[in-house]
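Report on the structure given below.
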Amino acid sequence: MPLAPTSLPFSETFAHPGDPLPLHLERVAQRAAASIAPSARPEIRAIALLAGLFHDLGKATPWFQAYLLQGGRRSVLTHHAELGALLLWWYSAALNWPLWQRLAAFIAVRRHHGALRFQAWPALFEQTRAEWRDPESPLRRQVEALDLNGIQVWLKAVAVQHPQLALRDVLEEPLTLERIDARLRDRQAVGSKLSVTFTELDEALAMLAGFGALLAVDKTDAALQGAQLMRQTLPADAVTRYKTGDFTAQRSTDHLNQRREQIANTVTQTWLDHLDQPLLTLTAPTGAGKTLTVLHAALQARTRLEARDGVAPRIIYCLPFTSVIDQNHAVFQAVLRANALPDREDRLLKHHHLTDSLFRTETAEYQADGAGQLLTETWQSELVVTTFHQLLHSLLSTRNANLKRAGQLTGAIVLLDEVQALPLRYWEALRQLLAAAARTLGARFVLLTATRPLIFHPGDAVELLPDHDAHFRAMTRTRLHARHREPLTLERFAERLIAELRQSHPPMLIILNRRRAVRRLFEALHEALPERPLVALSTDLTPLDRRARIRLIRRLLRQGQPVIAITTQLVEAGVDFSFPVVHRDLAPLDALIQAAGRCNRHGESKTEPGGVYLWQLQDTKPDGQTGEALWRRVYDAALIEVTVETLGSAEHWDESDFLALTQDYFSGCRARQDQQRIDQQLTQGDLTGMEQAFQLIEEQPKVALFIARTPLDQRLWARYQALRDDPQLTPAEQERQFRIFKRAFYERVIQVHARTAQGLERDTIHCLDAGEETYDRAAGFLALPGEAPTCIL
């Protein structure tokens, strides 16, 4: 092992060049503690404070200082996280903390530069204790080389500022190797082996929130070189001002607009009357204006809470799919612009895996390859629009990249829109997680839906629209017609549509369950009706082309064109379309209700309800025989069975029936679906197993294809290829440079099933030159070069 360089007094050590270590530790500790909302459990703030004080204390060794200041070599003796955790354990022994809280702070420091990949919370402590027992361990050498007296003098000064840390006994005794050893061997406190787990889910969440606060503050402190972002204001009446000048409501009938205002007023008043109720639901018909309604109510609640508690809660708006985030973000952006608030990420932030991480404040602009990504990923904004995946993996993950958002959830107002899209098997896990997060983190959760899945049990939550059943019964915009009892091949369905469309010319939306079915129907209708505007929409199109198709459909609808849109179910969760006629292949009932929400959405037809037609379509085998139903391998059979049973034998159902139908449907689903439990894994610390068990997106064998259609696309691919193949760049540097054009790159990437791209590796991205036989911008992916167009469904 290398000899120790000349030791430095602790007061002269550095965390980063030009950043004295004692000042860095105090700054991070104070900011991490301050980032925890007052409504959260006080233990979280204490964990964040203590972890902040000790997280980089191991940098005080002469080996790390030589590495940092003199260009010395890295070695096991320059590692600092375990040493800081060891000293924290010594210090915390006299704090009169419960063992779980000491362990939480220890883990936060021990793993602030690594993932939480283990199967039990005590595992890290036992590893450290085992290493300490080795008389030749690097950990012992590091402690021996520290200026222990200087550290103790500093801790005394810090304790004066934080009375909860003023421990005369531990600070008056000399800090020695023997005293540290005694703390680790304290059998009365931890036994011969630390086998305790957190006794409840709340304790595990408290640990993760304190850990996340440390991660976010430590990383942003380094990226901003000690600077700190200022919190921003959001006007409580921002939505009201926006509506005053918004003319989009003219699309809707006066009656529907009056109902929307009535709903908005009821929701806001109910929330303000139950300001301290942390679990809320908002159940309202599709097209009832839930997005603006809940934003207005959240802003009112935020303003009231800020006046009372002194801190404005962040608002986190979550959606199931990235495809609808742009739409909702654009609405919020328009609201802020109507209030003369410029576009800045410190006020309104969009975050998902394709986000362009440019981050703007009033005084600075942080680029995606620098602090911009970090500020985006830690949600340093007042209003965040993100996905369920990003939200839930802020707590249910082993990766620091996700967990560094956990502290931002304390005190937050979290709005979960289209929550029925979460897999049914996770409902009980979600219920337990949200209830525990409300108790522990002081967060408020609102579940928004038109179908009210049975995630919360009776008595768990307050409904923000108590008379929602009356609003559903009053709705007469759509009628759902049964055509599903006799299965129909896709070819026969196409024949029926063509015959109908030759006789009438209404705009029409057709929602199918599989991408290949979209392509086949698109080709059949295009050949039979070449004069009709026809748009296909599926994930066979790149995200860039999908957004262009959505804009095209909206433009054609505004112009009154008889557009026929053939899509997969990606339009059902939040895409604001309104067609007089909708056809839907058989799907779970909540998806059917969402499809109906794209029909006569704004009450354009005043004489009769819009028509939603339900079919059960089948594949045709290559030999001409009838194949499987097209819902199979897309939806669980149990969900389809419950749907068919719930719909019964009626010929049609009016919109006023939808709430009762969905209540019967979800009751039947809950009785048949086994629930995935994650609370025990999280409590025990089996984060690896939990991450494997909790998958919002079913993993299927896919191959990624970059679609190169234009010269710009070719340049992007060449740039990516040069970066990927450069042997001089480390993976970290490759990732940093890739962030600059990551969003533009992935906007041109599609995922195809491995069966469609046999022979191509699944762990890399392949370039596909778009041409007549490979990629059609109108309908998407066709085939790989030299292959016949695939018809895999």
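Convention: chains lettered A, B, ... in structure tokens order; per-chain residue numbering from 1; ligands numbered from 1 as shown.
Neighbouring residues of A:Pro38 at 9 Å or closer, counting only C-alpha atoms and skipping chain neighbours under 4 positions away, are Ala34, Pro42, Arg45, Asp309, Gly310, Val311, Thr410, Gly411 and Gly442 of chain A.
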### Message
List the spatial neighbours of stretch 443-455 of chain A as a PyMOL selection string - criterion: any atom at most 7 Å away, only C-alpha atoms, same-chain residues fewer than 4 positions off excluded.
### Response
chain A and resi 278-286+409-420+427-428+431+437-438+590+659+662+666
### Query
When DSSP works through the backbone of this structure, what residues of stretch 207-374 of chain A end up as alpha helix (DSSP H), shown as a PyMOL selection string?
chain A and resi 207-223+238-245+254-273+290-309+322-338+371-374
### Task
Check the DSSP output for the backbone and give back, as an NGL selection string, the residues of stretch 172-282 of chain A in strand (DSSP E).
:A and (279-282)
